[in-house]
>>> print(open('structure-v1.cif').read())   # mmCIF, C-alpha atoms
data_entry
loop_
_atom_site.group_PDB
_atom_site.id
_atom_site.type_symbol
_atom_site.label_atom_id
_atom_site.label_comp_id
_atom_site.auth_asym_id
_atom_site.auth_seq_id
_atom_site.Cartn_x
_atom_site.Cartn_y
_atom_site.Cartn_z
ATOM 1 C CA MET A 1 -5.719 -4.488 -16.942
ATOM 2 C CA LYS A 2 -6.495 -6.358 -13.735
ATOM 3 C CA ASN A 3 -3.418 -4.879 -12.049
ATOM 4 C CA GLN A 4 -4.314 -1.401 -13.293
ATOM 5 C CA ILE A 5 -7.807 -1.658 -11.818
ATOM 6 C CA LYS A 6 -6.310 -2.852 -8.537
ATOM 7 C CA ASP A 7 -3.950 0.153 -8.492
ATOM 8 C CA TYR A 8 -6.767 2.640 -9.033
ATOM 9 C CA ILE A 9 -8.830 0.981 -6.311
ATOM 10 C CA LEU A 10 -5.878 1.294 -3.913
ATOM 11 C CA ILE A 11 -5.384 4.949 -4.854
ATOM 12 C CA THR A 12 -9.081 5.719 -4.377
ATOM 13 C CA ILE A 13 -9.287 3.939 -1.009
ATOM 14 C CA GLY A 14 -6.056 5.600 0.071
ATOM 15 C CA SER A 15 -7.352 9.044 -0.892
ATOM 16 C CA VAL A 16 -10.570 8.483 1.086
ATOM 17 C CA ILE A 17 -8.590 7.393 4.166
ATOM 18 C CA VAL A 18 -6.252 10.388 3.857
ATOM 19 C CA CYS A 19 -9.200 12.766 3.611
ATOM 20 C CA CYS A 20 -10.908 11.189 6.643
ATOM 21 C CA GLY A 21 -7.720 11.653 8.654
ATOM 22 C CA PHE A 22 -7.590 15.341 7.774
ATOM 23 C CA VAL A 23 -11.312 16.112 8.017
ATOM 24 C CA PHE A 24 -11.921 14.408 11.372
ATOM 25 C CA PHE A 25 -8.596 14.769 13.197
ATOM 26 C CA ILE A 26 -6.355 17.430 11.638
ATOM 27 C CA ASN A 27 -8.324 20.296 10.065
ATOM 28 C CA PRO A 28 -10.680 21.034 13.025
ATOM 29 C CA TYR A 29 -7.777 21.436 15.446
ATOM 30 C CA LYS A 30 -5.625 23.598 13.138
ATOM 31 C CA PHE A 31 -2.688 21.194 13.066
ATOM 32 C CA VAL A 32 -0.302 22.045 10.221
ATOM 33 C CA PRO A 33 1.604 18.832 9.382
ATOM 34 C CA GLY A 34 3.621 20.286 6.508
ATOM 35 C CA GLY A 35 2.901 19.564 2.875
ATOM 36 C CA VAL A 36 0.301 21.013 0.548
ATOM 37 C CA THR A 37 -2.590 20.177 2.890
ATOM 38 C CA GLY A 38 -0.830 21.951 5.751
ATOM 39 C CA MET A 39 -0.584 25.072 3.617
ATOM 40 C CA GLY A 40 -4.249 24.613 2.686
ATOM 41 C CA ILE A 41 -5.156 24.673 6.393
ATOM 42 C CA VAL A 42 -3.197 27.904 6.866
ATOM 43 C CA LEU A 43 -4.862 29.551 3.856
ATOM 44 C CA HIS A 44 -8.307 28.394 5.006
ATOM 45 C CA THR A 45 -7.679 30.080 8.345
ATOM 46 C CA LEU A 46 -7.047 33.330 6.475
ATOM 47 C CA MET A 47 -9.885 32.838 3.976
ATOM 48 C CA PRO A 48 -12.491 30.545 5.589
ATOM 49 C CA GLU A 49 -14.944 30.997 2.717
ATOM 50 C CA TYR A 50 -12.788 28.557 0.718
ATOM 51 C CA GLN A 51 -12.472 24.980 1.930
ATOM 52 C CA VAL A 52 -9.135 23.240 2.547
ATOM 53 C CA GLY A 53 -9.721 20.916 -0.390
ATOM 54 C CA THR A 54 -10.244 23.890 -2.712
ATOM 55 C CA PHE A 55 -6.843 25.280 -1.766
ATOM 56 C CA LEU A 56 -5.328 21.902 -2.629
ATOM 57 C CA TYR A 57 -6.430 22.483 -6.220
ATOM 58 C CA PHE A 58 -4.965 26.000 -6.181
ATOM 59 C CA ILE A 59 -1.591 24.670 -5.007
ATOM 60 C CA SER A 60 -1.225 21.127 -6.379
ATOM 61 C CA VAL A 61 -2.204 21.756 -9.995
ATOM 62 C CA PRO A 62 0.300 24.619 -10.527
ATOM 63 C CA LEU A 63 2.993 22.493 -8.874
ATOM 64 C CA LEU A 64 2.318 19.679 -11.350
ATOM 65 C CA VAL A 65 2.633 22.168 -14.206
ATOM 66 C CA LEU A 66 5.933 23.431 -12.761
ATOM 67 C CA SER A 67 7.130 19.842 -12.492
ATOM 68 C CA TYR A 68 6.405 19.304 -16.180
ATOM 69 C CA PHE A 69 8.283 22.393 -17.366
ATOM 70 C CA LEU A 70 11.120 22.697 -14.832
ATOM 71 C CA LEU A 71 11.913 19.094 -14.044
ATOM 72 C CA GLY A 72 11.291 17.664 -17.473
ATOM 73 C CA LYS A 73 9.423 14.686 -16.048
ATOM 74 C CA GLY A 74 6.162 13.372 -17.333
ATOM 75 C CA ILE A 75 3.250 13.400 -14.917
ATOM 76 C CA GLY A 76 2.025 9.866 -14.282
ATOM 77 C CA ILE A 77 -1.657 9.353 -14.955
ATOM 78 C CA LYS A 78 -2.134 7.758 -11.537
ATOM 79 C CA THR A 79 -0.416 10.663 -9.769
ATOM 80 C CA LEU A 80 -2.630 13.090 -11.676
ATOM 81 C CA TYR A 81 -5.669 11.022 -10.702
ATOM 82 C CA ALA A 82 -4.707 11.040 -7.012
ATOM 83 C CA THR A 83 -4.014 14.787 -7.120
ATOM 84 C CA LEU A 84 -7.389 15.595 -8.670
ATOM 85 C CA ILE A 85 -9.681 13.341 -6.635
ATOM 86 C CA THR A 86 -8.265 14.018 -3.163
ATOM 87 C CA PRO A 87 -9.443 17.655 -2.856
ATOM 88 C CA SER A 88 -12.918 16.733 -4.120
ATOM 89 C CA ILE A 89 -13.225 13.889 -1.627
ATOM 90 C CA MET A 90 -12.044 16.152 1.202
ATOM 91 C CA ASN A 91 -14.600 18.842 0.382
ATOM 92 C CA PHE A 92 -17.356 16.252 -0.009
ATOM 93 C CA ILE A 93 -16.680 14.598 3.364
ATOM 94 C CA SER A 94 -16.429 18.012 5.038
ATOM 95 C CA SER A 95 -19.803 19.068 3.683
ATOM 96 C CA LEU A 96 -21.350 15.854 5.028
ATOM 97 C CA VAL A 97 -20.053 15.981 8.598
ATOM 98 C CA TYR A 98 -20.705 19.672 9.339
ATOM 99 C CA PRO A 99 -24.371 20.650 9.845
ATOM 100 C CA SER A 100 -24.152 24.281 8.704
ATOM 101 C CA GLU A 101 -22.157 26.611 6.468
ATOM 102 C CA VAL A 102 -20.855 28.501 9.503
ATOM 103 C CA ALA A 103 -19.560 25.307 11.127
ATOM 104 C CA LEU A 104 -17.974 24.305 7.818
ATOM 105 C CA GLU A 105 -16.194 27.629 7.418
ATOM 106 C CA ARG A 106 -14.945 27.683 10.984
ATOM 107 C CA LEU A 107 -14.268 23.900 11.086
ATOM 108 C CA LEU A 108 -15.792 23.675 14.537
ATOM 109 C CA PRO A 109 -14.844 20.356 16.182
ATOM 110 C CA SER A 110 -17.918 20.578 18.409
ATOM 111 C CA GLU A 111 -20.109 20.312 15.303
ATOM 112 C CA ILE A 112 -18.490 17.271 13.670
ATOM 113 C CA CYS A 113 -21.055 14.450 13.479
ATOM 114 C CA GLY A 114 -23.224 16.183 16.052
ATOM 115 C CA GLY A 115 -20.311 16.634 18.458
ATOM 116 C CA ASN A 116 -19.673 12.913 18.795
ATOM 117 C CA LEU A 117 -16.089 13.265 17.493
ATOM 118 C CA ASP A 118 -15.074 16.382 19.395
ATOM 119 C CA LEU A 119 -11.520 15.805 20.669
ATOM 120 C CA SER A 120 -10.840 19.357 21.800
ATOM 121 C CA SER A 121 -10.004 18.036 25.275
ATOM 122 C CA ASP A 122 -7.902 15.177 23.876
ATOM 123 C CA LEU A 123 -5.689 16.825 21.286
ATOM 124 C CA ILE A 124 -2.953 14.221 21.670
ATOM 125 C CA LEU A 125 -5.431 11.551 20.571
ATOM 126 C CA ALA A 126 -6.277 13.584 17.464
ATOM 127 C CA ALA A 127 -2.557 14.129 16.807
ATOM 128 C CA VAL A 128 -1.998 10.351 16.843
ATOM 129 C CA VAL A 129 -5.096 8.890 15.168
ATOM 130 C CA GLY A 130 -5.188 11.455 12.352
ATOM 131 C CA PRO A 131 -1.578 10.928 11.172
ATOM 132 C CA LEU A 132 -2.002 7.151 11.456
ATOM 133 C CA LEU A 133 -4.935 7.317 9.041
ATOM 134 C CA ILE A 134 -3.115 9.720 6.717
ATOM 135 C CA GLY A 135 0.044 7.603 6.672
ATOM 136 C CA LEU A 136 -2.046 4.489 6.019
ATOM 137 C CA GLY A 137 -3.886 6.174 3.148
ATOM 138 C CA GLU A 138 -0.717 7.578 1.598
ATOM 139 C CA GLY A 139 0.831 4.116 1.859
ATOM 140 C CA PHE A 140 -2.075 2.726 -0.189
ATOM 141 C CA ILE A 141 -1.537 5.490 -2.758
ATOM 142 C CA VAL A 142 2.147 4.594 -3.041
ATOM 143 C CA LYS A 143 1.277 0.910 -3.385
ATOM 144 C CA GLY A 144 -1.050 1.951 -6.217
ATOM 145 C CA LYS A 145 2.061 3.327 -7.972
ATOM 146 C CA ALA A 146 1.146 6.993 -7.524
ATOM 147 C CA THR A 147 2.741 9.811 -5.558
ATOM 148 C CA SER A 148 1.311 12.697 -3.591
ATOM 149 C CA GLY A 149 3.496 15.263 -5.388
ATOM 150 C CA GLY A 150 2.965 18.510 -3.500
ATOM 151 C CA THR A 151 5.967 19.885 -1.632
ATOM 152 C CA ASP A 152 8.115 17.055 -3.020
ATOM 153 C CA ILE A 153 8.035 18.935 -6.337
ATOM 154 C CA ILE A 154 9.304 22.133 -4.691
ATOM 155 C CA ALA A 155 12.105 20.144 -3.062
ATOM 156 C CA MET A 156 13.070 18.596 -6.423
ATOM 157 C CA ILE A 157 13.165 22.047 -8.057
ATOM 158 C CA LEU A 158 15.405 23.390 -5.276
ATOM 159 C CA HIS A 159 17.609 20.326 -5.612
ATOM 160 C CA LYS A 160 17.962 20.724 -9.378
ATOM 161 C CA TYR A 161 18.480 24.472 -9.667
ATOM 162 C CA LEU A 162 20.031 25.457 -6.335
ATOM 163 C CA ARG A 163 21.997 22.246 -5.733
ATOM 164 C CA VAL A 164 20.330 21.784 -2.341
ATOM 165 C CA ARG A 165 20.280 18.198 -1.129
ATOM 166 C CA PHE A 166 16.789 16.787 -1.673
ATOM 167 C CA SER A 167 16.236 15.712 1.949
ATOM 168 C CA ASP A 168 17.317 19.169 3.178
ATOM 169 C CA ALA A 169 15.095 20.879 0.599
ATOM 170 C CA LEU A 170 12.108 18.776 1.635
ATOM 171 C CA LEU A 171 12.752 19.494 5.317
ATOM 172 C CA ALA A 172 13.071 23.220 4.594
ATOM 173 C CA THR A 173 9.856 23.260 2.561
ATOM 174 C CA ASP A 174 7.841 21.545 5.286
ATOM 175 C CA ALA A 175 9.480 23.786 7.890
ATOM 176 C CA VAL A 176 8.229 26.859 6.003
ATOM 177 C CA VAL A 177 4.705 25.412 6.013
ATOM 178 C CA VAL A 178 4.822 24.665 9.762
ATOM 179 C CA LEU A 179 6.297 28.107 10.461
ATOM 180 C CA SER A 180 3.518 29.761 8.475
ATOM 181 C CA GLY A 181 1.034 27.839 10.626
ATOM 182 C CA LEU A 182 2.778 29.075 13.755
ATOM 183 C CA LEU A 183 2.583 32.677 12.569
ATOM 184 C CA VAL A 184 -1.000 32.619 11.272
ATOM 185 C CA ILE A 185 -2.658 30.179 13.683
ATOM 186 C CA GLY A 186 -0.313 30.310 16.672
ATOM 187 C CA PHE A 187 0.364 34.052 16.844
ATOM 188 C CA GLY A 188 -2.782 35.190 15.059
ATOM 189 C CA ILE A 189 -1.144 37.154 12.224
ATOM 190 C CA GLY A 190 -3.980 38.024 9.868
ATOM 191 C CA THR A 191 -6.605 36.316 12.026
ATOM 192 C CA GLU A 192 -7.740 35.770 15.608
ATOM 193 C CA SER A 193 -5.844 33.415 17.889
ATOM 194 C CA SER A 194 -6.291 31.885 21.329
ATOM 195 C CA PRO A 195 -3.587 32.453 24.004
ATOM 196 C CA HIS A 196 -2.096 28.959 23.706
ATOM 197 C CA ALA A 197 -2.595 28.389 19.978
ATOM 198 C CA TRP A 198 1.184 28.383 19.397
ATOM 199 C CA MET A 199 1.279 24.962 21.070
ATOM 200 C CA LEU A 200 -0.546 23.534 18.046
ATOM 201 C CA SER A 201 2.779 23.663 16.201
ATOM 202 C CA LEU A 202 4.171 21.137 18.685
ATOM 203 C CA TYR A 203 1.270 18.824 17.909
ATOM 204 C CA SER A 204 1.998 19.396 14.224
ATOM 205 C CA LEU A 205 5.524 18.034 14.706
ATOM 206 C CA ILE A 206 4.055 14.907 16.312
ATOM 207 C CA CYS A 207 1.747 14.562 13.310
ATOM 208 C CA ILE A 208 4.638 14.841 10.835
ATOM 209 C CA PHE A 209 6.634 12.131 12.614
ATOM 210 C CA ILE A 210 3.747 9.652 12.880
ATOM 211 C CA MET A 211 2.658 10.243 9.281
ATOM 212 C CA ALA A 212 6.170 9.601 7.963
ATOM 213 C CA ARG A 213 6.681 6.429 10.004
ATOM 214 C CA THR A 214 3.253 5.015 9.132
ATOM 215 C CA LEU A 215 3.724 5.745 5.426
ATOM 216 C CA ALA A 216 7.141 4.053 5.453
ATOM 217 C CA PHE A 217 5.747 0.987 7.227
ATOM 218 C CA VAL A 218 2.753 0.595 4.896
ATOM 219 C CA ALA A 219 4.701 1.288 1.689
ATOM 220 C CA SER A 220 7.878 -0.655 2.485
ATOM 221 C CA GLY A 221 6.982 -2.974 5.347
ATOM 222 C CA SER A 222 8.954 -3.304 8.539
ATOM 223 C CA LYS A 223 12.177 -4.127 6.654
ATOM 224 C CA ASN A 224 12.296 -7.753 7.778
ATOM 225 C CA ASN A 225 15.174 -8.473 5.391
ATOM 226 C CA LYS A 226 18.710 -7.796 6.572
ATOM 227 C CA LEU A 227 21.847 -7.325 4.506
ATOM 228 C CA LEU A 228 25.011 -8.916 5.918
ATOM 229 C CA PHE A 229 28.602 -8.100 5.013
ATOM 230 C CA ILE A 230 30.972 -10.706 6.454
ATOM 231 C CA VAL A 231 34.702 -10.047 6.220
ATOM 232 C CA ALA A 232 36.716 -13.256 6.726
ATOM 233 C CA ASP A 233 39.942 -15.047 5.783
ATOM 234 C CA LYS A 234 40.623 -15.728 2.122
ATOM 235 C CA HIS A 235 40.054 -19.462 2.436
ATOM 236 C CA HIS A 236 37.219 -20.262 4.799
ATOM 237 C CA ASP A 237 35.549 -23.511 3.802
ATOM 238 C CA ASP A 238 33.663 -23.768 7.116
ATOM 239 C CA LEU A 239 31.914 -20.456 6.450
ATOM 240 C CA ARG A 240 30.983 -21.536 2.924
ATOM 241 C CA GLU A 241 29.664 -24.863 4.226
ATOM 242 C CA PHE A 242 27.546 -23.113 6.837
ATOM 243 C CA VAL A 243 25.967 -20.627 4.418
ATOM 244 C CA LEU A 244 25.245 -23.077 1.599
ATOM 245 C CA HIS A 245 24.198 -26.180 3.480
ATOM 246 C CA ARG A 246 23.219 -25.372 7.057
ATOM 247 C CA LEU A 247 21.652 -21.973 6.406
ATOM 248 C CA ASP A 248 20.486 -22.982 2.916
ATOM 249 C CA ARG A 249 21.335 -19.551 1.513
ATOM 250 C CA THR A 250 23.768 -18.213 -1.029
ATOM 251 C CA GLY A 251 25.730 -15.007 -1.380
ATOM 252 C CA THR A 252 28.292 -13.060 -3.329
ATOM 253 C CA VAL A 253 32.001 -13.048 -2.485
ATOM 254 C CA PHE A 254 34.369 -10.147 -3.136
ATOM 255 C CA ASP A 255 38.140 -10.295 -2.840
ATOM 256 C CA CYS A 256 39.517 -7.554 -0.611
ATOM 257 C CA THR A 257 42.624 -6.514 1.311
ATOM 258 C CA GLY A 258 42.870 -5.505 4.956
ATOM 259 C CA LEU A 259 43.843 -1.847 5.278
ATOM 260 C CA TYR A 260 46.015 -2.431 8.345
ATOM 261 C CA SER A 261 47.208 -6.019 7.905
ATOM 262 C CA ARG A 262 47.344 -5.858 4.082
ATOM 263 C CA GLY A 263 46.340 -9.508 4.163
ATOM 264 C CA ASP A 264 44.090 -11.161 1.598
ATOM 265 C CA ARG A 265 40.482 -11.306 2.747
ATOM 266 C CA ILE A 266 37.005 -11.948 1.359
ATOM 267 C CA THR A 267 33.772 -10.048 1.880
ATOM 268 C CA LEU A 268 30.633 -12.160 1.758
ATOM 269 C CA MET A 269 27.440 -10.262 0.988
ATOM 270 C CA MET A 270 24.136 -12.010 1.662
ATOM 271 C CA VAL A 271 20.485 -11.292 2.513
ATOM 272 C CA ILE A 272 18.705 -13.087 5.334
ATOM 273 C CA HIS A 273 15.481 -12.695 7.275
ATOM 274 C CA MET A 274 15.511 -10.606 10.442
ATOM 275 C CA ARG A 275 14.601 -13.657 12.552
ATOM 276 C CA GLU A 276 17.759 -15.418 11.345
ATOM 277 C CA VAL A 277 20.231 -12.701 12.355
ATOM 278 C CA ASP A 278 20.996 -13.867 15.904
ATOM 279 C CA ALA A 279 21.399 -17.507 14.880
ATOM 280 C CA VAL A 280 23.667 -16.600 11.962
ATOM 281 C CA ILE A 281 25.917 -14.327 14.031
ATOM 282 C CA THR A 282 26.185 -16.943 16.779
ATOM 283 C CA ALA A 283 27.136 -19.622 14.236
ATOM 284 C CA ILE A 284 29.682 -17.351 12.528
ATOM 285 C CA LYS A 285 31.265 -16.563 15.880
ATOM 286 C CA SER A 286 31.682 -20.278 16.594
ATOM 287 C CA ILE A 287 33.311 -20.767 13.189
ATOM 288 C CA ASP A 288 35.730 -17.857 13.456
ATOM 289 C CA PRO A 289 35.514 -15.200 16.207
ATOM 290 C CA SER A 290 37.873 -12.955 14.211
ATOM 291 C CA VAL A 291 35.427 -12.278 11.362
ATOM 292 C CA PHE A 292 33.938 -8.804 10.985
ATOM 293 C CA VAL A 293 30.154 -8.593 10.415
ATOM 294 C CA ILE A 294 27.993 -5.639 9.356
ATOM 295 C CA VAL A 295 24.197 -5.943 9.598
ATOM 296 C CA THR A 296 21.976 -3.366 7.928
ATOM 297 C CA ASP A 297 18.419 -3.094 6.582
ATOM 298 C CA ALA A 298 17.705 -4.384 3.089
ATOM 299 C CA TYR A 299 15.050 -2.086 1.631
ATOM 300 C CA ASP A 300 13.937 -4.833 -0.759
ATOM 301 C CA ALA A 301 15.295 -8.042 -2.269
ATOM 302 C CA TYR A 302 14.365 -9.264 -5.751
ATOM 303 C CA GLY A 303 15.351 -12.504 -7.420
ATOM 304 C CA THR A 304 15.312 -16.240 -6.837
ATOM 305 C CA ARG A 305 13.730 -17.175 -3.491
ATOM 306 C CA TRP A 306 12.928 -13.536 -2.806
ATOM 307 C CA LYS A 307 10.424 -11.136 -4.375
ATOM 308 C CA ALA A 308 9.648 -11.421 -8.065
ATOM 309 C CA PHE A 309 10.738 -8.522 -10.255
ATOM 310 C CA PRO A 310 7.867 -6.138 -11.108
ATOM 311 C CA ASP A 311 6.244 -6.600 -14.467
ATOM 312 C CA LYS A 312 7.729 -4.262 -17.101
ATOM 313 C CA ARG A 313 4.353 -3.215 -18.434
ATOM 314 C CA SER A 314 3.040 -2.302 -14.991
ATOM 315 C CA ILE A 315 6.034 0.039 -14.541
ATOM 316 C CA GLU A 316 5.493 1.712 -17.910
ATOM 317 C CA LEU A 317 1.787 2.282 -17.227
ATOM 318 C CA SER A 318 2.287 3.683 -13.743
#
>>> encode(input="structure-v1.cif", output="structure tokens")
Amino acid sequence: MKNQIKDYILITIGSVIVCCGFVFFINPYKFVPGGVTGMGIVLHTLMPEYQVGTFLYFISVPLLVLSYFLLGKGIGIKTLYATLITPSIMNFISSLVYPSEVALERLLPSEICGGNLDLSSDLILAAVVGPLLIGLGEGFIVKGKATSGGTDIIAMILHKYLRVRFSDALLATDAVVVLSGLLVIGFGIGTESSPHAWMLSLYSLICIFIMARTLAFVASGSKNNKLLFIVADKHHDDLREFVLHRLDRTGTVFDCTGLYSRGDRITLMMVIHMREVDAVITAIKSIDPSVFVIVTDAYDAYGTRWKAFPDKRSIELS
């Protein structure tokens, strides 16, 4: 129960931070950073009498229903909670920071908090600070064991029924959202547009990149663990001595055969900390310069001396 309460607190705080990022730094400047909220900004431009948060309800709830029927996956309670509270929080914050109904409909940056947060002359600052807040908030939501859903659901449907690779489907979905922003906001299709409004799409691309990187950092960390594959001679007692006693680590050994030499070899797989990489490679080179080493990121490491496995009940309840 304590962990569940902690998760809901993280989701709530994350949703508030996400909404602040959009309300103060994204929505007023008509950036369209993909996703459901990006489409909400486009629709608000066409129908300003409805707030961005209201459009999130119109889009997110049907997508969750589609997910249930087409993907055959149950909707997590925490994901449903995050989906339902975020639009309400966004509308509530918007109504607080704009002094009039006209300013709220038009999302005038000069009216936010009495004009004290108007970044119309510093759009690059808005395009950096806003996505940082949104990525931070979404990272908290992920740590609370919830997901944002949204366009991810469309990508999963395309992947399942059209055999489109998920990453390509997600990229295509967000590209459609950004393109719709370019047409509606940039070129003024269906609404009025300023001469250089098309440049907002370039800022939107900056937003997408920063949001993705910030979310990855908050949710997964900076990937300080590294995975090493060391290919060496079949019998290499010096290497074993170094790993077990000097480095105080362990690993897993696989028998293998060289493709060219056809000689018997071993592949040692082990996880170390990023700070240890240079020292380990230098030591391995002194032991045997002929070894072959591959270093890559370890997304996570569970087990003895690393992270504890997540509690089974916490997974089931998420």
>>> atom_distance(input="structure-v1.cif", atom1="CA of Pro99 in chain A", atom2="CA of Gly114 in chain A")
7.7 Å
>>> resolve_selection(input="structure-v1.cif", expression="the PyMOL selection byres ((chain A and resi 2-18) around 10)", output="NGL selection string")
:A and (1 or 19-23 or 78-79 or 81-83 or 85-87 or 89-90 or 93 or 130-148 or 314 or 317-318)
>>> residues_around(input="structure-v1.cif", residues="Val295 in chain A", least_positions_apart="3", cutoff="8 Å", atoms="only C-alpha atoms", output="list in words")
Lys226, Leu227, Leu228 and Phe229 of chain A
>>> atom_distance(input="structure-v1.cif", atom1="CA of Gly35 in chain A", atom2="CA of Leu56 in chain A")
10.2 Å
>>> resolve_selection(input="structure-v1.cif", expression="the PyMOL selection byres ((chain A and resi 274) around 7)", output="PyMOL selection string")
chain A and resi 224-226+272-273+275-277
>>> write_last_selection(input="structure-v1.cif", atoms="C-alpha atoms", output="compact mmCIF listing (two decimals), in the frame of the given file")
# COMPACT_ATOMS: atom_id res chain seq x y z
CA ASN A 224 12.30 -7.75 7.78
CA ASN A 225 15.17 -8.47 5.39
CA LYS A 226 18.71 -7.80 6.57
CA ILE A 272 18.70 -13.09 5.33
CA HIS A 273 15.48 -12.70 7.28
CA ARG A 275 14.60 -13.66 12.55
CA GLU A 276 17.76 -15.42 11.34
CA VAL A 277 20.23 -12.70 12.36
>>> atom_distance(input="structure-v1.cif", atom1="CA of Arg106 in chain A", atom2="CA of Ser60 in chain A")
23.1 Å
>>> closest_residue(input="structure-v1.cif", among="A:Ala103, A:Ala126, A:Met39, A:Leu84", to="Tyr57 in chain A", atoms="only C-alpha atoms")
A:Leu84
>>> residues_around(input="structure-v1.cif", residues="Ser100 in chain A", least_positions_apart="5", cutoff="12 Å", atoms="all atoms listed in the file", output="compact mmCIF listing (two decimals) with C-alpha atoms, in the frame of the given file")
# COMPACT_ATOMS: atom_id res chain seq x y z
CA SER A 94 -16.43 18.01 5.04
CA SER A 95 -19.80 19.07 3.68
CA GLU A 105 -16.19 27.63 7.42
CA ARG A 106 -14.94 27.68 10.98
CA LEU A 107 -14.27 23.90 11.09
CA LEU A 108 -15.79 23.68 14.54
CA GLU A 111 -20.11 20.31 15.30
CA ILE A 112 -18.49 17.27 13.67
CA CYS A 113 -21.06 14.45 13.48
CA GLY A 114 -23.22 16.18 16.05
>>> closest_residue(input="structure-v1.cif", among="A:Lys234, A:His159, A:Arg305, A:Arg213", to="Thr267 in chain A", atoms="only C-alpha atoms")
A:Lys234
>>> residues_around(input="structure-v1.cif", residues="Asp233 in chain A", least_positions_apart="6", cutoff="12 Å", atoms="all atoms listed in the file", output="compact mmCIF listing (two decimals) with C-alpha atoms, in the coordinates of the input")
# COMPACT_ATOMS: atom_id res chain seq x y z
CA LEU A 239 31.91 -20.46 6.45
CA ARG A 240 30.98 -21.54 2.92
CA VAL A 253 32.00 -13.05 -2.48
CA PHE A 254 34.37 -10.15 -3.14
CA ASP A 255 38.14 -10.30 -2.84
CA CYS A 256 39.52 -7.55 -0.61
CA THR A 257 42.62 -6.51 1.31
CA GLY A 258 42.87 -5.50 4.96
CA SER A 261 47.21 -6.02 7.90
CA ARG A 262 47.34 -5.86 4.08
CA GLY A 263 46.34 -9.51 4.16
CA ASP A 264 44.09 -11.16 1.60
CA ARG A 265 40.48 -11.31 2.75
CA ILE A 266 37.01 -11.95 1.36
CA THR A 267 33.77 -10.05 1.88
CA LEU A 268 30.63 -12.16 1.76
CA ILE A 287 33.31 -20.77 13.19
CA ASP A 288 35.73 -17.86 13.46
CA PRO A 289 35.51 -15.20 16.21
CA SER A 290 37.87 -12.96 14.21
CA VAL A 291 35.43 -12.28 11.36
CA PHE A 292 33.94 -8.80 10.98
>>> closest_residue(input="structure-v1.cif", among="A:Val176, A:Val243, A:Leu46, A:Met199", to="Gly34 in chain A", atoms="all atoms listed in the file")
A:Val176
>>> residues_around(input="structure-v1.cif", residues="range 180-187 of chain A", least_positions_apart="5", cutoff="7 Å", atoms="only C-alpha atoms", output="ChimeraX atom specification")
/A:32,42,193,197-198,200-201
>>> resolve_selection(input="structure-v1.cif", expression="the PyMOL selection byres ((chain A and resi 158) around 12)", output="list in words")
Ser67, Leu70, Leu71, Thr151, Asp152, Ile153, Ile154, Ala155, Met156, Ile157, His159, Lys160, Tyr161, Leu162, Arg163, Val164, Arg165, Phe166, Ser167, Asp168, Ala169, Leu170, Leu171, Ala172 and Thr173 of chain A
>>> decode(input="structure-v1.cif", residues="range 1-27 of chain A", atoms="C-alpha atoms", output="compact mmCIF listing (two decimals), in the first residue's frame")
# COMPACT_ATOMS: atom_id res chain seq x y z
CA MET A 1 0.00 0.00 0.00
CA LYS A 2 2.86 2.35 0.81
CA ASN A 3 4.41 1.77 -2.61
CA GLN A 4 1.04 2.28 -4.31
CA ILE A 5 0.57 5.63 -2.57
CA LYS A 6 4.08 6.64 -3.60
CA ASP A 7 3.31 5.73 -7.23
CA TYR A 8 0.14 7.82 -7.30
CA ILE A 9 1.98 10.76 -5.74
CA LEU A 10 4.65 10.49 -8.45
CA ILE A 11 2.00 10.32 -11.18
CA THR A 12 0.15 13.34 -9.77
CA ILE A 13 3.32 15.43 -9.41
CA GLY A 14 4.43 14.36 -12.87
CA SER A 15 1.09 15.33 -14.39
CA VAL A 16 1.24 18.78 -12.75
CA ILE A 17 4.78 19.34 -14.07
CA VAL A 18 3.78 18.20 -17.57
CA CYS A 19 0.81 20.56 -17.57
CA CYS A 20 2.95 23.49 -16.38
CA GLY A 21 5.39 22.83 -19.22
CA PHE A 22 2.59 22.95 -21.78
CA VAL A 23 0.58 25.82 -20.28
CA PHE A 24 3.51 28.20 -19.74
CA PHE A 25 5.96 27.29 -22.52
CA ILE A 26 4.32 25.27 -25.31
CA ASN A 27 0.64 26.15 -25.81
